[in-house]
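Enquirer: PDB, C-alpha atoms and all ligand atoms, file target.pdb:
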ATOM      1  CA  MET F   1     122.330 101.624 255.241
ATOM      2  CA  THR F   2     123.691 102.702 251.878
ATOM      3  CA  LYS F   3     123.888 106.490 251.681
ATOM      4  CA  ILE F   4     122.520 108.150 248.572
ATOM      5  CA  PHE F   5     124.294 110.986 246.782
ATOM      6  CA  GLY F   6     123.723 112.263 243.281
ATOM      7  CA  ILE F   7     123.649 114.964 240.662
ATOM      8  CA  ILE F   8     120.539 116.898 239.662
ATOM      9  CA  ALA F   9     120.566 118.430 236.207
ATOM     10  CA  HIS F  10     118.687 118.512 232.940
ATOM     11  CA  PRO F  11     119.928 116.915 230.794
ATOM     12  CA  VAL F  12     122.038 114.754 233.083
ATOM     13  CA  GLU F  13     123.146 111.760 231.055
ATOM     14  CA  HIS F  14     126.475 113.298 229.950
ATOM     15  CA  SER F  15     127.618 113.885 233.541
ATOM     16  CA  LEU F  16     130.977 112.427 234.550
ATOM     17  CA  SER F  17     130.332 113.005 238.271
ATOM     18  CA  PRO F  18     128.856 109.518 238.971
ATOM     19  CA  ALA F  19     131.972 107.788 237.631
ATOM     20  CA  MET F  20     134.231 110.027 239.690
ATOM     21  CA  HIS F  21     132.334 109.800 243.008
ATOM     22  CA  ASN F  22     131.360 106.118 242.804
ATOM     23  CA  ALA F  23     135.022 105.239 242.218
ATOM     24  CA  ALA F  24     135.979 107.274 245.286
ATOM     25  CA  PHE F  25     133.308 105.654 247.495
ATOM     26  CA  LYS F  26     134.489 102.210 246.380
ATOM     27  CA  ALA F  27     138.158 102.989 246.938
ATOM     28  CA  LEU F  28     137.530 104.195 250.497
ATOM     29  CA  ASN F  29     135.024 101.429 251.303
ATOM     30  CA  ILE F  30     132.226 103.907 251.915
ATOM     31  CA  ASP F  31     128.741 102.376 251.753
ATOM     32  CA  ALA F  32     127.268 104.938 249.395
ATOM     33  CA  VAL F  33     126.037 105.334 245.851
ATOM     34  CA  PHE F  34     126.059 108.340 243.521
ATOM     35  CA  GLU F  35     123.096 108.531 241.131
ATOM     36  CA  LYS F  36     121.928 110.730 238.257
ATOM     37  CA  PHE F  37     118.645 112.569 238.722
ATOM     38  CA  ASP F  38     117.155 114.146 235.609
ATOM     39  CA  VAL F  39     115.133 116.993 237.101
ATOM     40  CA  LEU F  40     113.246 119.580 235.044
ATOM     41  CA  PRO F  41     113.031 123.158 236.380
ATOM     42  CA  GLU F  42     109.327 122.703 237.203
ATOM     43  CA  GLU F  43     110.154 119.530 239.166
ATOM     44  CA  LEU F  44     112.859 121.063 241.369
ATOM     45  CA  ALA F  45     110.647 122.177 244.285
ATOM     46  CA  ALA F  46     108.991 118.751 244.606
ATOM     47  CA  PHE F  47     112.323 116.941 244.255
ATOM     48  CA  MET F  48     113.964 118.987 247.003
ATOM     49  CA  SER F  49     111.048 118.568 249.432
ATOM     50  CA  GLU F  50     110.472 114.851 248.781
ATOM     51  CA  ARG F  51     114.015 113.477 248.534
ATOM     52  CA  THR F  52     115.143 114.173 252.092
ATOM     53  CA  ASP F  53     116.845 110.759 252.054
ATOM     54  CA  ILE F  54     119.615 112.148 249.856
ATOM     55  CA  GLU F  55     122.802 112.960 251.802
ATOM     56  CA  GLY F  56     124.447 115.214 249.284
ATOM     57  CA  LEU F  57     123.957 116.599 245.805
ATOM     58  CA  ALA F  58     125.981 118.007 242.979
ATOM     59  CA  ILE F  59     123.830 120.633 241.301
ATOM     60  CA  SER F  60     124.214 121.457 237.642
ATOM     61  CA  LEU F  61     122.365 123.326 234.887
ATOM     62  CA  PRO F  62     119.694 124.621 235.038
ATOM     63  CA  HIS F  63     119.330 124.526 238.827
ATOM     64  CA  LYS F  64     122.385 126.294 240.263
ATOM     65  CA  GLU F  65     120.687 129.624 240.788
ATOM     66  CA  GLU F  66     117.264 128.303 241.857
ATOM     67  CA  VAL F  67     118.199 125.571 244.312
ATOM     68  CA  GLY F  68     119.291 127.973 247.068
ATOM     69  CA  GLN F  69     115.711 128.748 248.091
ATOM     70  CA  TYR F  70     115.190 125.123 249.140
ATOM     71  CA  LEU F  71     118.208 124.994 251.484
ATOM     72  CA  ASP F  72     118.618 126.059 255.134
ATOM     73  CA  GLU F  73     121.741 128.106 254.504
ATOM     74  CA  ILE F  74     124.204 129.098 251.807
ATOM     75  CA  THR F  75     127.930 129.693 252.240
ATOM     76  CA  ASP F  76     129.165 133.277 251.785
ATOM     77  CA  GLU F  77     131.094 132.226 248.686
ATOM     78  CA  ALA F  78     128.013 130.682 247.038
ATOM     79  CA  ALA F  79     125.959 133.745 247.969
ATOM     80  CA  GLN F  80     128.506 136.077 246.367
ATOM     81  CA  ILE F  81     128.641 133.965 243.212
ATOM     82  CA  GLY F  82     124.864 133.626 243.174
ATOM     83  CA  ALA F  83     125.057 129.923 242.369
ATOM     84  CA  VAL F  84     125.070 126.722 244.414
ATOM     85  CA  ASN F  85     126.661 123.620 242.894
ATOM     86  CA  THR F  86     126.842 121.471 246.040
ATOM     87  CA  MET F  87     124.339 120.493 248.725
ATOM     88  CA  TYR F  88     125.551 118.841 251.909
ATOM     89  CA  LYS F  89     124.177 118.211 255.386
ATOM     90  CA  LYS F  90     125.823 119.695 258.464
ATOM     91  CA  ASN F  91     124.494 119.431 262.026
ATOM     92  CA  GLY F  92     121.024 118.650 260.716
ATOM     93  CA  ARG F  93     120.997 121.621 258.371
ATOM     94  CA  ILE F  94     121.012 121.555 254.585
ATOM     95  CA  VAL F  95     123.799 123.742 253.280
ATOM     96  CA  GLY F  96     124.546 125.062 249.779
ATOM     97  CA  ALA F  97     128.127 125.704 248.658
ATOM     98  CA  ASN F  98     129.990 126.502 245.476
ATOM     99  CA  THR F  99     133.012 124.339 244.748
ATOM    100  CA  ASP F 100     133.420 125.529 241.130
ATOM    101  CA  ALA F 101     135.286 128.665 242.228
ATOM    102  CA  PRO F 102     137.976 126.996 244.387
ATOM    103  CA  GLY F 103     138.207 124.079 241.924
ATOM    104  CA  PHE F 104     138.846 126.508 239.070
ATOM    105  CA  LEU F 105     141.439 128.457 241.045
ATOM    106  CA  LYS F 106     143.375 125.354 242.069
ATOM    107  CA  ALA F 107     143.518 124.074 238.473
ATOM    108  CA  LEU F 108     144.724 127.450 237.164
ATOM    109  CA  GLN F 109     147.300 128.048 239.892
ATOM    110  CA  GLU F 110     148.819 124.666 239.169
ATOM    111  CA  VAL F 111     150.100 125.958 235.807
ATOM    112  CA  THR F 112     150.649 129.681 236.352
ATOM    113  CA  SER F 113     150.918 132.393 238.930
ATOM    114  CA  ILE F 114     147.847 134.605 238.734
ATOM    115  CA  VAL F 115     149.066 137.512 240.819
ATOM    116  CA  ASP F 116     148.840 140.799 238.897
ATOM    117  CA  LYS F 117     147.795 139.046 235.680
ATOM    118  CA  ARG F 118     145.394 140.494 233.093
ATOM    119  CA  VAL F 119     142.568 138.068 232.500
ATOM    120  CA  VAL F 120     139.897 137.889 229.817
ATOM    121  CA  VAL F 121     136.851 135.837 230.807
ATOM    122  CA  MET F 122     134.681 134.813 227.866
ATOM    123  CA  GLY F 123     131.078 134.283 228.947
ATOM    124  CA  ALA F 124     128.719 135.842 231.455
ATOM    125  CA  GLY F 125     126.675 132.908 232.750
ATOM    126  CA  GLY F 126     126.787 131.011 236.031
ATOM    127  CA  ALA F 127     130.218 129.531 235.442
ATOM    128  CA  ALA F 128     131.685 132.946 234.558
ATOM    129  CA  ARG F 129     130.383 134.250 237.891
ATOM    130  CA  ALA F 130     132.315 131.537 239.770
ATOM    131  CA  VAL F 131     135.451 132.186 237.700
ATOM    132  CA  ILE F 132     135.341 135.953 238.267
ATOM    133  CA  ALA F 133     134.651 135.618 241.995
ATOM    134  CA  ALA F 134     137.632 133.271 242.297
ATOM    135  CA  LEU F 135     140.017 135.491 240.310
ATOM    136  CA  LYS F 136     139.004 138.927 241.545
ATOM    137  CA  PRO F 137     141.066 139.069 244.779
ATOM    138  CA  HIS F 138     144.288 137.995 243.038
ATOM    139  CA  VAL F 139     144.604 139.395 239.520
ATOM    140  CA  ASN F 140     145.436 142.789 238.053
ATOM    141  CA  SER F 141     142.368 143.072 235.827
ATOM    142  CA  ILE F 142     139.404 141.101 234.543
ATOM    143  CA  THR F 143     137.690 141.875 231.237
ATOM    144  CA  ILE F 144     134.479 140.118 230.263
ATOM    145  CA  ILE F 145     133.866 139.278 226.607
ATOM    146  CA  ASN F 146     130.321 138.109 225.918
ATOM    147  CA  ARG F 147     127.958 137.618 222.986
ATOM    148  CA  THR F 148     125.037 139.449 224.611
ATOM    149  CA  PRO F 149     126.256 142.886 225.744
ATOM    150  CA  THR F 150     123.622 143.397 228.468
ATOM    151  CA  HIS F 151     124.654 140.158 230.204
ATOM    152  CA  GLY F 152     128.318 141.170 230.059
ATOM    153  CA  VAL F 153     127.696 144.725 231.220
ATOM    154  CA  ASP F 154     125.481 143.654 234.144
ATOM    155  CA  LEU F 155     127.958 141.059 235.344
ATOM    156  CA  ALA F 156     130.883 143.473 235.015
ATOM    157  CA  LYS F 157     129.012 146.048 237.084
ATOM    158  CA  GLU F 158     128.095 143.542 239.763
ATOM    159  CA  PHE F 159     131.671 142.343 240.240
ATOM    160  CA  GLY F 160     133.405 145.669 239.641
ATOM    161  CA  VAL F 161     135.258 144.512 236.522
ATOM    162  CA  ARG F 162     135.263 145.674 232.885
ATOM    163  CA  TYR F 163     133.083 144.631 229.955
ATOM    164  CA  GLY F 164     135.258 144.558 226.829
ATOM    165  CA  GLY F 165     132.607 143.880 224.191
ATOM    166  CA  ASN F 166     131.752 140.819 222.154
ATOM    167  CA  PHE F 167     134.071 138.301 220.510
ATOM    168  CA  ALA F 168     135.032 140.653 217.680
ATOM    169  CA  ASP F 169     136.496 143.015 220.314
ATOM    170  CA  LEU F 170     138.764 140.402 221.875
ATOM    171  CA  THR F 171     141.753 141.314 219.712
ATOM    172  CA  THR F 172     142.009 144.782 221.263
ATOM    173  CA  GLU F 173     142.804 143.159 224.626
ATOM    174  CA  THR F 174     146.245 142.213 225.929
ATOM    175  CA  PRO F 175     145.552 139.299 228.271
ATOM    176  CA  ASP F 176     147.997 137.016 230.057
ATOM    177  CA  ILE F 177     145.216 134.503 230.721
ATOM    178  CA  ILE F 178     142.056 133.724 228.731
ATOM    179  CA  VAL F 179     139.255 131.667 230.267
ATOM    180  CA  ASN F 180     136.446 130.207 228.187
ATOM    181  CA  ALA F 181     133.357 130.121 230.410
ATOM    182  CA  THR F 182     130.827 130.063 227.568
ATOM    183  CA  SER F 183     129.140 126.798 226.702
ATOM    184  CA  ILE F 184     130.875 126.662 223.309
ATOM    185  CA  GLY F 185     132.957 123.527 222.945
ATOM    186  CA  LEU F 186     130.559 121.029 224.458
ATOM    187  CA  GLU F 187     130.498 117.852 222.446
ATOM    188  CA  GLY F 188     128.127 117.913 219.500
ATOM    189  CA  LYS F 189     127.998 121.696 219.243
ATOM    190  CA  ASP F 190     129.459 123.750 216.420
ATOM    191  CA  GLU F 191     132.724 125.231 217.466
ATOM    192  CA  PRO F 192     133.532 128.635 216.083
ATOM    193  CA  ASN F 193     137.022 130.071 216.503
ATOM    194  CA  LEU F 194     136.560 131.826 219.830
ATOM    195  CA  VAL F 195     140.077 133.190 219.645
ATOM    196  CA  PRO F 196     141.708 133.963 216.257
ATOM    197  CA  GLN F 197     144.745 131.733 215.773
ATOM    198  CA  ASP F 198     147.126 134.688 215.308
ATOM    199  CA  PHE F 199     146.034 136.198 218.643
ATOM    200  CA  PHE F 200     147.577 133.422 220.724
ATOM    201  CA  GLU F 201     151.029 134.109 222.175
ATOM    202  CA  PRO F 202     153.215 131.351 223.653
ATOM    203  CA  ASP F 203     153.325 133.113 227.029
ATOM    204  CA  MET F 204     149.517 133.095 227.365
ATOM    205  CA  THR F 205     147.603 130.622 229.512
ATOM    206  CA  ILE F 206     144.314 129.401 228.043
ATOM    207  CA  PHE F 207     141.802 127.700 230.359
ATOM    208  CA  ASP F 208     138.776 126.092 228.740
ATOM    209  CA  ILE F 209     136.391 125.185 231.544
ATOM    210  CA  VAL F 210     134.248 123.326 229.017
ATOM    211  CA  TYR F 211     135.313 119.681 228.880
ATOM    212  CA  ARG F 212     134.552 116.657 226.798
ATOM    213  CA  ALA F 213     134.318 113.023 227.760
ATOM    214  CA  GLN F 214     136.781 112.309 224.950
ATOM    215  CA  GLY F 215     139.441 114.551 223.507
ATOM    216  CA  GLN F 216     139.989 118.266 223.549
ATOM    217  CA  THR F 217     137.971 121.334 222.645
ATOM    218  CA  LYS F 218     139.010 123.219 219.513
ATOM    219  CA  LEU F 219     140.054 126.185 221.635
ATOM    220  CA  LEU F 220     142.566 124.127 223.597
ATOM    221  CA  ALA F 221     143.847 122.318 220.511
ATOM    222  CA  ASP F 222     144.441 125.679 218.782
ATOM    223  CA  ALA F 223     146.067 127.174 221.889
ATOM    224  CA  GLU F 224     148.336 124.176 222.291
ATOM    225  CA  ALA F 225     149.372 124.392 218.637
ATOM    226  CA  ALA F 226     150.355 128.019 219.274
ATOM    227  CA  GLY F 227     152.549 126.971 222.206
ATOM    228  CA  CYS F 228     150.327 128.388 224.976
ATOM    229  CA  THR F 229     150.001 126.835 228.408
ATOM    230  CA  THR F 230     146.589 125.162 228.525
ATOM    231  CA  VAL F 231     144.229 123.894 231.225
ATOM    232  CA  ASP F 232     141.411 121.472 230.486
ATOM    233  CA  GLY F 233     137.987 121.808 232.154
ATOM    234  CA  LYS F 234     138.332 118.264 233.438
ATOM    235  CA  LYS F 235     140.939 119.493 235.917
ATOM    236  CA  MET F 236     138.382 121.930 237.331
ATOM    237  CA  LEU F 237     135.771 119.168 237.390
ATOM    238  CA  LEU F 238     138.173 116.938 239.317
ATOM    239  CA  TYR F 239     139.159 119.557 241.872
ATOM    240  CA  GLN F 240     135.641 120.857 242.471
ATOM    241  CA  GLY F 241     134.523 117.225 242.812
ATOM    242  CA  MET F 242     137.232 116.499 245.367
ATOM    243  CA  ILE F 243     136.010 119.420 247.483
ATOM    244  CA  GLN F 244     132.445 118.083 247.201
ATOM    245  CA  PHE F 245     133.579 114.624 248.274
ATOM    246  CA  GLU F 246     135.278 116.051 251.359
ATOM    247  CA  LEU F 247     132.172 118.066 252.304
ATOM    248  CA  TRP F 248     130.002 114.957 251.957
ATOM    249  CA  THR F 249     132.203 112.394 253.688
ATOM    250  CA  GLY F 250     134.626 114.361 255.871
ATOM    251  CA  GLN F 251     137.374 112.236 254.326
ATOM    252  CA  GLU F 252     140.266 113.196 252.102
ATOM    253  CA  ALA F 253     139.288 112.663 248.474
ATOM    254  CA  PRO F 254     141.331 110.006 246.616
ATOM    255  CA  GLN F 255     142.655 112.207 243.798
ATOM    256  CA  LYS F 256     144.316 109.498 241.727
ATOM    257  CA  ILE F 257     141.234 107.252 241.759
ATOM    258  CA  MET F 258     138.894 110.124 240.873
ATOM    259  CA  LYS F 259     141.158 111.316 238.088
ATOM    260  CA  GLU F 260     141.394 107.849 236.588
ATOM    261  CA  ALA F 261     137.615 107.492 236.727
ATOM    262  CA  LEU F 262     137.223 110.715 234.760
TER     263      LEU F 262
HETATM  264  P1  LIG F 301     125.145 129.494 231.194
HETATM  265  O1  LIG F 301     124.055 128.958 230.329
HETATM  266  O2  LIG F 301     124.813 130.133 232.480
HETATM  267  O3  LIG F 301     126.011 130.555 230.341
HETATM  268  C1  LIG F 301     126.392 130.272 229.025
HETATM  269  C2  LIG F 301     127.336 131.346 228.495
HETATM  270  O4  LIG F 301     127.764 130.927 227.199
HETATM  271  C3  LIG F 301     126.700 132.716 228.311
HETATM  272  O5  LIG F 301     127.670 133.713 228.542
HETATM  273  C4  LIG F 301     126.297 132.702 226.837
HETATM  274  O6  LIG F 301     126.289 134.000 226.257
HETATM  275  C5  LIG F 301     127.444 131.932 226.238
HETATM  276  N1  LIG F 301     127.077 131.268 224.998
HETATM  277  C6  LIG F 301     126.273 130.197 224.843
HETATM  278  N2  LIG F 301     126.178 129.854 223.547
HETATM  279  C7  LIG F 301     126.948 130.747 222.855
HETATM  280  C8  LIG F 301     127.261 130.924 221.476
HETATM  281  N3  LIG F 301     126.768 130.120 220.543
HETATM  282  N4  LIG F 301     128.084 131.934 221.138
HETATM  283  C9  LIG F 301     128.608 132.766 222.074
HETATM  284  N5  LIG F 301     128.339 132.648 223.403
HETATM  285  C10 LIG F 301     127.519 131.648 223.784
HETATM  286  O7  LIG F 301     126.140 128.262 231.409
HETATM  287  P2  LIG F 301     127.218 128.082 232.587
HETATM  288  O8  LIG F 301     127.887 129.379 232.781
HETATM  289  O9  LIG F 301     126.618 127.432 233.759
HETATM  290  O10 LIG F 301     128.204 126.995 231.940
HETATM  291  C11 LIG F 301     129.074 127.312 230.877
HETATM  292  C12 LIG F 301     129.948 126.119 230.581
HETATM  293  O11 LIG F 301     130.832 125.874 231.659
HETATM  294  C13 LIG F 301     129.173 124.811 230.358
HETATM  295  O12 LIG F 301     129.664 124.217 229.183
HETATM  296  C14 LIG F 301     129.526 123.965 231.539
HETATM  297  O13 LIG F 301     129.589 122.589 231.227
HETATM  298  C15 LIG F 301     130.911 124.485 231.898
HETATM  299  N6  LIG F 301     131.247 124.254 233.315
HETATM  300  C16 LIG F 301     132.346 123.497 233.599
HETATM  301  C17 LIG F 301     132.697 123.228 234.902
HETATM  302  C18 LIG F 301     133.890 122.395 235.191
HETATM  303  O14 LIG F 301     134.000 121.879 236.310
HETATM  304  N7  LIG F 301     134.813 122.243 234.280
HETATM  305  C19 LIG F 301     131.897 123.751 236.033
HETATM  306  C20 LIG F 301     130.784 124.578 235.622
HETATM  307  C21 LIG F 301     130.467 124.783 234.296
HETATM  308  P3  LIG F 301     124.976 134.934 226.245
HETATM  309  O15 LIG F 301     125.048 135.760 227.506
HETATM  310  O16 LIG F 301     125.161 135.714 225.004
HETATM  311  O17 LIG F 301     123.787 134.013 226.212
END
I need this file expressed as structure tokens, please.
Expert:
Amino acid sequence: MTKIFGIIAHPVEHSLSPAMHNAAFKALNIDAVFEKFDVLPEELAAFMSERTDIEGLAISLPHKEEVGQYLDEITDEAAQIGAVNTMYKKNGRIVGANTDAPGFLKALQEVTSIVDKRVVVMGAGGAARAVIAALKPHVNSITIINRTPTHGVDLAKEFGVRYGGNFADLTTETPDIIVNATSIGLEGKDEPNLVPQDFFEPDMTIFDIVYRAQGQTKLLADAEAAGCTTVDGKKMLLYQGMIQFELWTGQEAPQKIMKEAL
């Protein structure tokens, strides 16, 4: 019987995960389909209790923090981050994991060493939590820059890092790596200059975890023009998706096929 996988989110139509996972299932001759499920917050409890036929789920906004209560167990990493982005079944139990953190780390380490680096993380939402949890054991320092001070301060306290203020305060920092983990840069949204053009240095690495179906975010275009090393959010999407695929199928994810599908 065809196995059902999917992504739950709201809205869900922009998701690139179906293309990536369906291509992988096809390439490996796995009898499975990956669907989009548009689930509102008030529908989550019913969805999770009724759709026991689903083998595995990618979980996106706004459900990453809420979905844990409907699962049998959560990995230590997902518990520390406080967000689940993957549901899979193991020995009859429904498990929640977070593949954003290792996916992010792999994409970043491909372009730069992170040991002893000073990192600025812009944003204090769910994605920033995964980014900070991933970086914390390796880097010299992490400074959070966020629009709403209370969110930044609370997150900094929780992870034992520093809150550096809002975007106007960025220029007092001396980062080696800047990560955009805000939602600025999504297609269709106004894109302010998150980083002033004269702040970029060619030896900086700029990682925008926000990605677009087509083209680049303004942040990455500006950083590239300044000669910085850049990483696109699609790399993180690919690597976190490959980890999901391996949790769901127990098979090695076909990287080339998944990348092409993206
Ligand atoms: P959240 O809604 O949890 O957090 C959003 C963050 O963006 C908050 O820090 C918020 O600041 C900030 N923000 C939103 N709008 C503005 C604005 N106009 N000006 C300044 N700051 C703003 O979202 P997530 O953390 O879950 O996701 C963030 C982004 O990361 C999304 O675009 C998502 O697509 C992307 N992502 C990419 C992944 C990948 O694989 N590449 C994986 C996971 C996420 P405030 O606290 O002030 O509200």
Enquirer: Residues near Glu224 in chain F, anyone? I mean within 12 Å using all atoms listed in the file, not counting same-chain ones fewer than 4 positions away, as a ChimeraX atom specification.
Expert: /F:197,200-208,216-220,228-232
Enquirer: Please evaluate the PyMOL selection byres (((chain F and resi 122) around 12) and not hetatm) against the structure above and give the resulting residues as a VMD selection string.
Expert: chain F and resid 119 to 121 123 to 129 131 to 132 142 to 149 151 to 152 155 to 156 162 to 170 175 177 to 184 194 to 195 206 to 210 219
Enquirer: Padding of 6 Å on every side, edges along x, y and z, all listed atoms of ligand LIG 301 (chain F) included: what centre and edge lengths in Å, to one decimal, does that box have, as lines of an AutoDock Vina configuration file?
Expert:
center_x = 129.3
center_y = 128.8
center_z = 228.4
size_x = 23.0
size_y = 25.9
size_z = 27.8
Enquirer: Return the single residue from F:Val153, F:Ala134, F:Leu247, F:Leu262 that is closest to Glu77 in chain F, with distances computed using only C-alpha atoms.
Expert: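 Checking each of F:Val153, F:Ala134, F:Leu247, F:Leu262 against Glu77 in chain F, counting only C-alpha atoms, the winner is F:Ala134.
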Enquirer: Give me the residues within 12 Å of Gly250 in chain F as a PyMOL selection string, counting all atoms listed in the file and dropping any in the same chain fewer than 2 places off.
Expert: chain F and resi 28+30+88-90+242-248+252-253
Enquirer: From the list F:Ser49, F:Met87, F:Ala9, F:Glu43, which residue is nearest ligand LIG 301 (chain F) when using all atoms listed in the file?
Expert: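 Counting all atoms listed in the file, the residue closest to ligand LIG 301 (chain F) is F:Ala9.
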Enquirer: Suppose you want the space between CA of Ser15 in chain F and CA of Asn91 in chain F; what is it in Å?
Expert: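 Going from CA of Ser15 in chain F over to CA of Asn91 in chain F, I get 29.2 Å.
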Enquirer: Kindly resolve the PyMOL selection byres (((chain F and resi 117) around 8) and not hetatm) on the present coordinates and return the residues as a count of residues only.
Expert: 11
Enquirer: Could you check which of F:Glu65, F:Glu73, F:Glu260, F:Glu173 is closest to ligand LIG 301 (chain F), using all atoms listed in the file?
Expert: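 Checking each candidate against ligand LIG 301 (chain F), we get F:Glu65 as the closest.
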Enquirer: Run the PyMOL selection byres (((chain F and resi 37) around 10) and not hetatm) against the file shown and list the residues it catches, as a ChimeraX atom specification.
Expert: /F:5-13,34-36,38-40,47,57,59
Enquirer: Mind pulling up the distance from CA of Glu66 in chain F to atom O5 of ligand LIG 301 (chain F)?
Expert: 17.7 Å
Enquirer: Counting all atoms listed in the file, figure out which residue out of F:Met236, F:Ile74, F:Met20, F:Ala83 gets nearest to ligand LIG 301 (chain F).
Expert: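 Looking only at the distances to ligand LIG 301 (chain F), the closest residue turns out to be F:Met236.
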Enquirer: Using only C-alpha atoms, pick whichever of F:Phe199, F:Ala45, F:Asp31, F:Pro62 has the shortest atom-to-atom distance to Thr174 in chain F.
Expert: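 Ranked by minimum distance to Thr174 in chain F, first place goes to F:Phe199.
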